[in-house]
$ cat start_32.pdb   # PDB, C-alpha atoms
ATOM      1  CA  MET A 990     120.058 109.007 114.263
ATOM      2  CA  ARG A 991     122.908 106.546 114.284
ATOM      3  CA  GLY A 992     123.751 104.208 111.474
ATOM      4  CA  ASP A 993     126.305 102.901 109.038
ATOM      5  CA  TYR A 994     126.921 105.758 106.593
ATOM      6  CA  THR A 995     128.040 103.471 103.759
ATOM      7  CA  GLN A 996     125.087 101.120 104.094
ATOM      8  CA  LEU A 997     122.511 103.914 104.326
ATOM      9  CA  THR A 998     124.100 105.618 101.315
ATOM     10  CA  GLN A 999     123.737 102.334  99.419
ATOM     11  CA  VAL A1000     120.028 102.276 100.299
ATOM     12  CA  LEU A1001     119.480 105.769  98.909
ATOM     13  CA  ILE A1002     121.500 105.073  95.764
ATOM     14  CA  ASN A1003     119.537 101.869  95.053
ATOM     15  CA  ILE A1004     116.227 103.668  95.514
ATOM     16  CA  LEU A1005     117.296 106.633  93.373
ATOM     17  CA  VAL A1006     118.503 104.331  90.579
ATOM     18  CA  ASN A1007     115.132 102.540  90.611
ATOM     19  CA  ALA A1008     113.301 105.880  90.541
ATOM     20  CA  GLU A1009     115.419 107.024  87.601
ATOM     21  CA  GLU A1010     114.682 103.799  85.724
ATOM     22  CA  ALA A1011     110.947 104.291  86.344
ATOM     23  CA  LEU A1012     111.216 107.625  84.517
ATOM     24  CA  LYS A1013     112.726 106.263  81.300
ATOM     25  CA  ASP A1014     109.442 106.693  79.386
ATOM     26  CA  ALA A1015     108.363 109.931  81.085
ATOM     27  CA  THR A1016     108.439 113.137  79.067
ATOM     28  CA  LYS A1017     109.163 115.239  82.146
ATOM     29  CA  GLY A1018     110.438 113.070  84.965
ATOM     30  CA  ASN A1019     110.675 114.209  88.568
ATOM     31  CA  ILE A1020     112.291 112.651  91.615
ATOM     32  CA  ASN A1021     111.562 114.290  94.961
ATOM     33  CA  ILE A1022     113.280 113.537  98.255
ATOM     34  CA  LYS A1023     111.758 114.593 101.565
ATOM     35  CA  VAL A1024     113.441 114.104 104.923
ATOM     36  CA  TYR A1025     111.739 115.064 108.157
ATOM     37  CA  PRO A1026     111.213 113.920 111.743
ATOM     38  CA  ASP A1027     108.067 111.937 112.534
ATOM     39  CA  LYS A1028     107.841 111.700 116.320
ATOM     40  CA  ASP A1029     110.851 109.594 117.325
ATOM     41  CA  TRP A1030     111.666 108.580 113.774
ATOM     42  CA  ALA A1031     113.450 110.110 110.798
ATOM     43  CA  ARG A1032     111.263 109.698 107.722
ATOM     44  CA  ILE A1033     112.765 109.682 104.237
ATOM     45  CA  GLU A1034     110.484 109.672 101.202
ATOM     46  CA  VAL A1035     111.747 109.214  97.653
ATOM     47  CA  SER A1036     108.972 109.867  95.122
ATOM     48  CA  ASP A1037     108.913 109.778  91.350
ATOM     49  CA  ASN A1038     106.297 110.430  88.697
ATOM     50  CA  GLY A1039     107.220 107.371  86.660
ATOM     51  CA  THR A1040     105.298 104.217  85.899
ATOM     52  CA  GLY A1041     104.440 103.303  89.482
ATOM     53  CA  ILE A1042     104.442  99.780  90.889
ATOM     54  CA  ASP A1043     101.876  97.162  89.908
ATOM     55  CA  GLU A1044      99.562  96.681  92.897
ATOM     56  CA  GLU A1045     100.284  92.950  93.068
ATOM     57  CA  ASN A1046     104.016  93.717  93.359
ATOM     58  CA  LEU A1047     103.872  96.253  96.201
ATOM     59  CA  GLU A1048     104.381  93.560  98.843
ATOM     60  CA  THR A1049     107.009  91.584  96.932
ATOM     61  CA  ILE A1050     109.398  94.207  95.557
ATOM     62  CA  PHE A1051     111.616  93.826  98.627
ATOM     63  CA  HIS A1052     111.929  90.031  98.238
ATOM     64  CA  PRO A1053     115.291  88.672  97.043
ATOM     65  CA  PHE A1054     115.540  88.184  93.280
ATOM     66  CA  PHE A1055     112.261  89.982  92.550
ATOM     67  CA  THR A1056     112.583  92.002  89.364
ATOM     68  CA  THR A1057     110.393  93.304  86.578
ATOM     69  CA  LYS A1058     113.410  93.794  84.310
ATOM     70  CA  SER A1059     114.323  91.602  81.373
ATOM     71  CA  VAL A1060     116.819  88.777  81.828
ATOM     72  CA  GLY A1061     120.319  90.178  82.152
ATOM     73  CA  GLU A1062     119.173  93.694  83.074
ATOM     74  CA  GLY A1063     118.990  93.326  86.831
ATOM     75  CA  THR A1064     119.646  90.925  89.683
ATOM     76  CA  GLY A1065     116.553  91.628  91.750
ATOM     77  CA  LEU A1066     118.733  92.287  94.781
ATOM     78  CA  GLY A1067     118.663  96.095  94.992
ATOM     79  CA  LEU A1068     115.476  96.579  97.008
ATOM     80  CA  SER A1069     116.063  93.367  98.939
ATOM     81  CA  THR A1070     119.414  94.776 100.040
ATOM     82  CA  CYS A1071     117.689  98.041 100.984
ATOM     83  CA  TYR A1072     115.201  96.122 103.109
ATOM     84  CA  SER A1073     117.959  94.174 104.868
ATOM     85  CA  ILE A1074     119.979  97.302 105.631
ATOM     86  CA  VAL A1075     117.010  99.337 106.861
ATOM     87  CA  THR A1076     115.721  96.550 109.101
ATOM     88  CA  ALA A1077     119.256  95.975 110.446
ATOM     89  CA  HIS A1078     119.086  99.637 111.534
ATOM     90  CA  ASN A1079     115.779  98.838 113.304
ATOM     91  CA  GLY A1080     113.909 100.769 110.651
ATOM     92  CA  LEU A1081     110.986 100.265 108.305
ATOM     93  CA  ILE A1082     110.747 100.491 104.527
ATOM     94  CA  HIS A1083     107.734 100.186 102.261
ATOM     95  CA  ALA A1084     106.411 101.342  98.914
ATOM     96  CA  GLU A1085     103.180 102.940  97.811
ATOM     97  CA  ASN A1086     101.811 104.327  94.587
ATOM     98  CA  ASN A1087     101.077 108.022  94.252
ATOM     99  CA  SER A1088      97.547 109.065  93.324
ATOM    100  CA  SER A1089      98.985 111.331  90.607
ATOM    101  CA  GLY A1090     101.200 108.571  89.185
ATOM    102  CA  GLY A1091     104.565 107.185  90.108
ATOM    103  CA  ALA A1092     105.598 105.677  93.409
ATOM    104  CA  THR A1093     107.101 106.574  96.768
ATOM    105  CA  ILE A1094     109.524 104.541  98.827
ATOM    106  CA  ILE A1095     109.242 105.424 102.518
ATOM    107  CA  ILE A1096     112.040 104.730 104.983
ATOM    108  CA  GLU A1097     111.653 105.279 108.711
ATOM    109  CA  LEU A1098     114.695 105.106 110.966
ATOM    110  CA  PRO A1099     114.725 105.544 114.740
ATOM    111  CA  LEU A1100     116.212 108.744 116.101
ATOM    112  CA  VAL A1101     118.922 108.499 118.754
ATOM    113  CA  GLN A1102     116.513 109.214 121.624
ATOM    114  CA  GLU A1103     114.304 106.324 120.484
ATOM    115  CA  GLN A1104     117.326 104.046 120.127
ATOM    116  CA  LYS A1105     118.417 104.846 123.682
ATOM    117  CA  LYS A1106     114.897 104.468 125.062
ATOM    118  CA  HIS A1107     114.284 101.041 123.555
ATOM    119  CA  GLY A1108     117.796  99.756 123.106
ATOM    120  CA  LYS A1109     118.380  97.800 119.931
ATOM    121  CA  ASN A1110     114.975  96.127 119.998
ATOM    122  CA  ILE A1111     112.830  98.756 118.278
ATOM    123  CA  GLY A1112     111.910  97.108 115.021
ATOM    124  CA  ARG A1113     108.567  96.990 113.231
ATOM    125  CA  GLU A1114     106.675  95.463 116.166
ATOM    126  CA  ASN A1115     107.510  98.448 118.398
ATOM    127  CA  ARG A1116     106.824 101.239 115.871
ATOM    128  CA  GLY A1117     104.603 103.859 117.467
ATOM    129  CA  LYS A1118     104.582 102.266 120.920
ATOM    130  CA  ASN A1119     105.879 104.262 123.883
TER     131      ASN A1119
END

$ encode --input "start_32.pdb" --output "structure tokens"
Amino acid sequence: MRGDYTQLTQVLINILVNAEEALKDATKGNINIKVYPDKDWARIEVSDNGTGIDEENLETIFHPFFTTKSVGEGTGLGLSTCYSIVTAHNGLIHAENNSSGGATIIIELPLVQEQKKHGKNIGRENRGKN
């Protein structure tokens, strides 16, 4: 996988900070990170057992200025920035709630072989196509 180390680090930090904030009311909070190959993609999953994401917000959490925080507590740009960085790397990012509580953010980034095979044009519309 090729990518901008600083930008991808920023993505992980933003997601981990959000996961930590989701655990503020948990008695025993957990954050799990899984990284593994999925065909021609690297898949990164960051899961927590916090409050989860309201169903109506699952599609909008990556929009600029979306926040569930009180005024002055957040800009609503963290996950939007993550989305921009991941898609600039020809990757995918989405969120889902866990059946046992909490949420998972899933990032998929193309591996080098996939990047070479498709050039730079391997975004969402080409995911899974060979």

$ residues_near_point --input "start_32.pdb" --point "(99.0, 110.4, 87.1)" --cutoff "10 Å" --atoms "all atoms listed in the file" --output "list of chain:residue names"
A:Asn1038, A:Gly1039, A:Thr1040, A:Gly1041, A:Asn1087, A:Ser1088, A:Ser1089, A:Gly1090, A:Gly1091

$ resolve_selection --input "start_32.pdb" --expression "the PyMOL selection byres ((chain A and resi 1003-1016) around 8)" --output "list in words"
Gln999, Val1000, Leu1001, Ile1002, Lys1017, Gly1018, Asn1019, Ile1020, Val1035, Ser1036, Asp1037, Asn1038, Gly1039, Thr1040, Gly1041, Gly1067, Leu1068, Cys1071, Gly1091 and Ile1094 of chain A

$ axis_aligned_box --input "start_32.pdb" --around "stretch 1077-1088 of chain A" --padding-each-side "4 Å" --output "AutoDock Vina command-line options"
--center_x 108.4 --center_y 102.5 --center_z 103.3 --size_x 29.7 --size_y 21.1 --size_z 28.0

$ atom_distance --input "start_32.pdb" --atom1 "atom CA of A:Phe1051" --atom2 "atom CA of A:Ser1069"
4.5 Å

$ closest_residue --input "start_32.pdb" --among "A:Asn1086, A:Thr1070, A:Thr1093, A:Thr998" --to "A:Glu1044" --atoms "all atoms listed in the file"
A:Asn1086

$ resolve_selection --input "start_32.pdb" --expression "the PyMOL selection byres ((chain A and resi 991-994) around 8)" --output "VMD selection string"
chain A and resid 990 995 to 998 1078 1100 to 1101

$ atom_distance --input "start_32.pdb" --atom1 "atom CA of A:Ala1084" --atom2 "atom CA of A:Asp1029"
20.7 Å

$ atom_distance --input "start_32.pdb" --atom1 "atom CA of A:Asp1043" --atom2 "atom CA of A:Val1024"
25.4 Å

$ residues_around --input "start_32.pdb" --residues "A:Ile1095" --least-positions-apart "6" --cutoff "8 Å" --atoms "all atoms listed in the file" --output "list of chain:residue names"
A:Arg1032, A:Ile1033, A:Glu1034, A:Val1035, A:Leu1081, A:Ile1082, A:His1083, A:Ala1084

$ write_last_selection --input "start_32.pdb" --atoms "C-alpha atoms" --output "short mmCIF file (atom, residue, chain, number, x, y, z; two decimals), keeping the file's coordinate frame"
data_model
loop_
_atom_site.label_atom_id
_atom_site.label_comp_id
_atom_site.auth_asym_id
_atom_site.auth_seq_id
_atom_site.Cartn_x
_atom_site.Cartn_y
_atom_site.Cartn_z
CA ARG A 1032 111.26 109.70 107.72
CA ILE A 1033 112.76 109.68 104.24
CA GLU A 1034 110.48 109.67 101.20
CA VAL A 1035 111.75 109.21 97.65
CA LEU A 1081 110.99 100.26 108.30
CA ILE A 1082 110.75 100.49 104.53
CA HIS A 1083 107.73 100.19 102.26
CA ALA A 1084 106.41 101.34 98.91
#

$ closest_residue --input "start_32.pdb" --among "A:Ile1022, A:Ala1031, A:Leu1047, A:Ile1096" --to "A:Thr1076" --atoms "only C-alpha atoms"
A:Ile1096

$ closest_residue --input "start_32.pdb" --among "A:Pro1053, A:Lys1028, A:Glu1097, A:Ile1042" --to "A:Ser1073" --atoms "all atoms listed in the file"
A:Pro1053

$ decode --input "start_32.pdb" --residues "chain A" --atoms "C-alpha atoms" --output "PDB file, in the first residue's frame"
ATOM      1  CA  MET A 990       0.000   0.000   0.000  1.00  0.00           C
ATOM      2  CA  ARG A 991       1.240   3.458  -0.826  1.00  0.00           C
ATOM      3  CA  GLY A 992       0.052   6.617   0.812  1.00  0.00           C
ATOM      4  CA  ASP A 993       0.885   9.782   2.670  1.00  0.00           C
ATOM      5  CA  TYR A 994       2.041   8.652   6.121  1.00  0.00           C
ATOM      6  CA  THR A 995       1.102  11.928   7.823  1.00  0.00           C
ATOM      7  CA  GLN A 996      -2.375  12.056   6.318  1.00  0.00           C
ATOM      8  CA  LEU A 997      -3.157   8.408   7.075  1.00  0.00           C
ATOM      9  CA  THR A 998      -1.887   8.881  10.633  1.00  0.00           C
ATOM     10  CA  GLN A 999      -4.266  11.837  10.958  1.00  0.00           C
ATOM     11  CA  VAL A1000      -7.147   9.597   9.855  1.00  0.00           C
ATOM     12  CA  LEU A1001      -6.367   7.009  12.526  1.00  0.00           C
ATOM     13  CA  ILE A1002      -5.897   9.631  15.240  1.00  0.00           C
ATOM     14  CA  ASN A1003      -9.241  11.287  14.403  1.00  0.00           C
ATOM     15  CA  ILE A1004     -11.037   7.945  14.483  1.00  0.00           C
ATOM     16  CA  LEU A1005      -9.365   6.881  17.737  1.00  0.00           C
ATOM     17  CA  VAL A1006     -10.227  10.203  19.404  1.00  0.00           C
ATOM     18  CA  ASN A1007     -13.876   9.763  18.374  1.00  0.00           C
ATOM     19  CA  ALA A1008     -13.866   6.187  19.688  1.00  0.00           C
ATOM     20  CA  GLU A1009     -12.395   7.362  22.989  1.00  0.00           C
ATOM     21  CA  GLU A1010     -15.054  10.064  23.294  1.00  0.00           C
ATOM     22  CA  ALA A1011     -17.773   7.460  22.653  1.00  0.00           C
ATOM     23  CA  LEU A1012     -16.509   5.577  25.716  1.00  0.00           C
ATOM     24  CA  LYS A1013     -16.797   8.463  28.179  1.00  0.00           C
ATOM     25  CA  ASP A1014     -19.889   6.945  29.843  1.00  0.00           C
ATOM     26  CA  ALA A1015     -18.794   3.304  29.569  1.00  0.00           C
ATOM     27  CA  THR A1016     -17.805   1.475  32.736  1.00  0.00           C
ATOM     28  CA  LYS A1017     -15.339  -0.734  30.874  1.00  0.00           C
ATOM     29  CA  GLY A1018     -14.484   0.768  27.514  1.00  0.00           C
ATOM     30  CA  ASN A1019     -12.729  -1.117  24.740  1.00  0.00           C
ATOM     31  CA  ILE A1020     -11.238   0.022  21.453  1.00  0.00           C
ATOM     32  CA  ASN A1021     -10.129  -2.697  19.046  1.00  0.00           C
ATOM     33  CA  ILE A1022      -8.107  -2.207  15.878  1.00  0.00           C
ATOM     34  CA  LYS A1023      -7.945  -4.890  13.202  1.00  0.00           C
ATOM     35  CA  VAL A1024      -5.811  -4.645  10.082  1.00  0.00           C
ATOM     36  CA  TYR A1025      -5.865  -7.328   7.421  1.00  0.00           C
ATOM     37  CA  PRO A1026      -5.820  -7.841   3.656  1.00  0.00           C
ATOM     38  CA  ASP A1027      -9.156  -8.247   1.877  1.00  0.00           C
ATOM     39  CA  LYS A1028      -8.378  -9.367  -1.671  1.00  0.00           C
ATOM     40  CA  ASP A1029      -6.559  -6.407  -3.229  1.00  0.00           C
ATOM     41  CA  TRP A1030      -7.361  -4.065  -0.371  1.00  0.00           C
ATOM     42  CA  ALA A1031      -6.000  -3.360   3.098  1.00  0.00           C
ATOM     43  CA  ARG A1032      -8.898  -3.264   5.549  1.00  0.00           C
ATOM     44  CA  ILE A1033      -8.639  -1.349   8.815  1.00  0.00           C
ATOM     45  CA  GLU A1034     -11.417  -1.629  11.389  1.00  0.00           C
ATOM     46  CA  VAL A1035     -11.584   0.522  14.511  1.00  0.00           C
ATOM     47  CA  SER A1036     -14.320  -0.702  16.866  1.00  0.00           C
ATOM     48  CA  ASP A1037     -15.484   0.514  20.243  1.00  0.00           C
ATOM     49  CA  ASN A1038     -18.123  -0.584  22.720  1.00  0.00           C
ATOM     50  CA  GLY A1039     -19.361   2.939  23.364  1.00  0.00           C
ATOM     51  CA  THR A1040     -22.662   4.594  22.598  1.00  0.00           C
ATOM     52  CA  GLY A1041     -22.788   3.723  18.906  1.00  0.00           C
ATOM     53  CA  ILE A1042     -24.034   6.033  16.166  1.00  0.00           C
ATOM     54  CA  ASP A1043     -27.685   6.989  15.772  1.00  0.00           C
ATOM     55  CA  GLU A1044     -28.995   5.176  12.688  1.00  0.00           C
ATOM     56  CA  GLU A1045     -30.089   8.424  11.036  1.00  0.00           C
ATOM     57  CA  ASN A1046     -26.524   9.759  11.375  1.00  0.00           C
ATOM     58  CA  LEU A1047     -24.650   6.814   9.842  1.00  0.00           C
ATOM     59  CA  GLU A1048     -24.731   8.365   6.366  1.00  0.00           C
ATOM     60  CA  THR A1049     -24.001  11.929   7.476  1.00  0.00           C
ATOM     61  CA  ILE A1050     -21.165  11.608   9.993  1.00  0.00           C
ATOM     62  CA  PHE A1051     -18.614  12.148   7.221  1.00  0.00           C
ATOM     63  CA  HIS A1052     -20.239  15.400   6.020  1.00  0.00           C
ATOM     64  CA  PRO A1053     -18.401  18.656   6.792  1.00  0.00           C
ATOM     65  CA  PHE A1054     -19.491  20.347  10.019  1.00  0.00           C
ATOM     66  CA  PHE A1055     -21.602  17.395  11.180  1.00  0.00           C
ATOM     67  CA  THR A1056     -21.294  16.990  14.931  1.00  0.00           C
ATOM     68  CA  THR A1057     -23.310  15.657  17.831  1.00  0.00           C
ATOM     69  CA  LYS A1058     -21.201  17.619  20.320  1.00  0.00           C
ATOM     70  CA  SER A1059     -22.298  20.742  22.139  1.00  0.00           C
ATOM     71  CA  VAL A1060     -21.402  24.156  20.742  1.00  0.00           C
ATOM     72  CA  GLY A1061     -17.725  24.861  21.295  1.00  0.00           C
ATOM     73  CA  GLU A1062     -16.777  21.209  21.835  1.00  0.00           C
ATOM     74  CA  GLY A1063     -16.033  20.223  18.263  1.00  0.00           C
ATOM     75  CA  THR A1064     -15.796  21.560  14.729  1.00  0.00           C
ATOM     76  CA  GLY A1065     -17.468  18.688  12.914  1.00  0.00           C
ATOM     77  CA  LEU A1066     -14.473  18.410  10.606  1.00  0.00           C
ATOM     78  CA  GLY A1067     -12.690  15.336  11.992  1.00  0.00           C
ATOM     79  CA  LEU A1068     -14.557  12.600  10.125  1.00  0.00           C
ATOM     80  CA  SER A1069     -15.019  14.820   7.084  1.00  0.00           C
ATOM     81  CA  THR A1070     -11.242  15.194   6.925  1.00  0.00           C
ATOM     82  CA  CYS A1071     -10.890  11.418   7.297  1.00  0.00           C
ATOM     83  CA  TYR A1072     -13.265  10.901   4.385  1.00  0.00           C
ATOM     84  CA  SER A1073     -11.368  13.367   2.190  1.00  0.00           C
ATOM     85  CA  ILE A1074      -7.997  11.783   2.951  1.00  0.00           C
ATOM     86  CA  VAL A1075      -9.180   8.202   2.457  1.00  0.00           C
ATOM     87  CA  THR A1076     -10.925   8.977  -0.828  1.00  0.00           C
ATOM     88  CA  ALA A1077      -7.853  10.922  -2.019  1.00  0.00           C
ATOM     89  CA  HIS A1078      -5.973   7.634  -1.496  1.00  0.00           C
ATOM     90  CA  ASN A1079      -8.610   5.911  -3.683  1.00  0.00           C
ATOM     91  CA  GLY A1080     -10.027   4.220  -0.617  1.00  0.00           C
ATOM     92  CA  LEU A1081     -13.376   3.761   1.079  1.00  0.00           C
ATOM     93  CA  ILE A1082     -14.545   4.635   4.578  1.00  0.00           C
ATOM     94  CA  HIS A1083     -17.854   3.947   6.277  1.00  0.00           C
ATOM     95  CA  ALA A1084     -19.372   3.374   9.691  1.00  0.00           C
ATOM     96  CA  GLU A1085     -21.642   0.720  11.110  1.00  0.00           C
ATOM     97  CA  ASN A1086     -23.056  -0.096  14.505  1.00  0.00           C
ATOM     98  CA  ASN A1087     -22.037  -3.271  16.289  1.00  0.00           C
ATOM     99  CA  SER A1088     -24.767  -5.709  17.296  1.00  0.00           C
ATOM    100  CA  SER A1089     -23.277  -5.849  20.810  1.00  0.00           C
ATOM    101  CA  GLY A1090     -23.119  -2.050  21.119  1.00  0.00           C
ATOM    102  CA  GLY A1091     -20.689   0.567  19.961  1.00  0.00           C
ATOM    103  CA  ALA A1092     -19.592   1.272  16.421  1.00  0.00           C
ATOM    104  CA  THR A1093     -16.958   0.338  13.864  1.00  0.00           C
ATOM    105  CA  ILE A1094     -15.295   2.594  11.335  1.00  0.00           C
ATOM    106  CA  ILE A1095     -14.069   0.599   8.336  1.00  0.00           C
ATOM    107  CA  ILE A1096     -11.351   1.888   6.025  1.00  0.00           C
ATOM    108  CA  GLU A1097     -10.357   0.085   2.846  1.00  0.00           C
ATOM    109  CA  LEU A1098      -7.250   1.165   0.960  1.00  0.00           C
ATOM    110  CA  PRO A1099      -5.947  -0.339  -2.276  1.00  0.00           C
ATOM    111  CA  LEU A1100      -2.819  -2.454  -2.067  1.00  0.00           C
ATOM    112  CA  VAL A1101       0.089  -1.622  -4.368  1.00  0.00           C
ATOM    113  CA  GLN A1102      -0.776  -4.383  -6.854  1.00  0.00           C
ATOM    114  CA  GLU A1103      -4.300  -2.971  -7.190  1.00  0.00           C
ATOM    115  CA  GLN A1104      -2.938   0.556  -7.584  1.00  0.00           C
ATOM    116  CA  LYS A1105      -0.640  -0.587 -10.392  1.00  0.00           C
ATOM    117  CA  LYS A1106      -3.370  -2.633 -12.066  1.00  0.00           C
ATOM    118  CA  HIS A1107      -5.914   0.179 -12.171  1.00  0.00           C
ATOM    119  CA  GLY A1108      -3.704   3.226 -12.032  1.00  0.00           C
ATOM    120  CA  LYS A1109      -5.034   6.060  -9.924  1.00  0.00           C
ATOM    121  CA  ASN A1110      -8.647   5.498 -10.937  1.00  0.00           C
ATOM    122  CA  ILE A1111      -9.702   2.822  -8.448  1.00  0.00           C
ATOM    123  CA  GLY A1112     -12.169   4.626  -6.251  1.00  0.00           C
ATOM    124  CA  ARG A1113     -15.531   3.464  -4.931  1.00  0.00           C
ATOM    125  CA  GLU A1114     -16.993   2.713  -8.369  1.00  0.00           C
ATOM    126  CA  ASN A1115     -14.263   0.140  -9.088  1.00  0.00           C
ATOM    127  CA  ARG A1116     -14.251  -1.620  -5.689  1.00  0.00           C
ATOM    128  CA  GLY A1117     -14.430  -5.366  -6.215  1.00  0.00           C
ATOM    129  CA  LYS A1118     -14.210  -5.214 -10.008  1.00  0.00           C
ATOM    130  CA  ASN A1119     -11.348  -6.993 -11.766  1.00  0.00           C
TER     131      ASN A1119
END
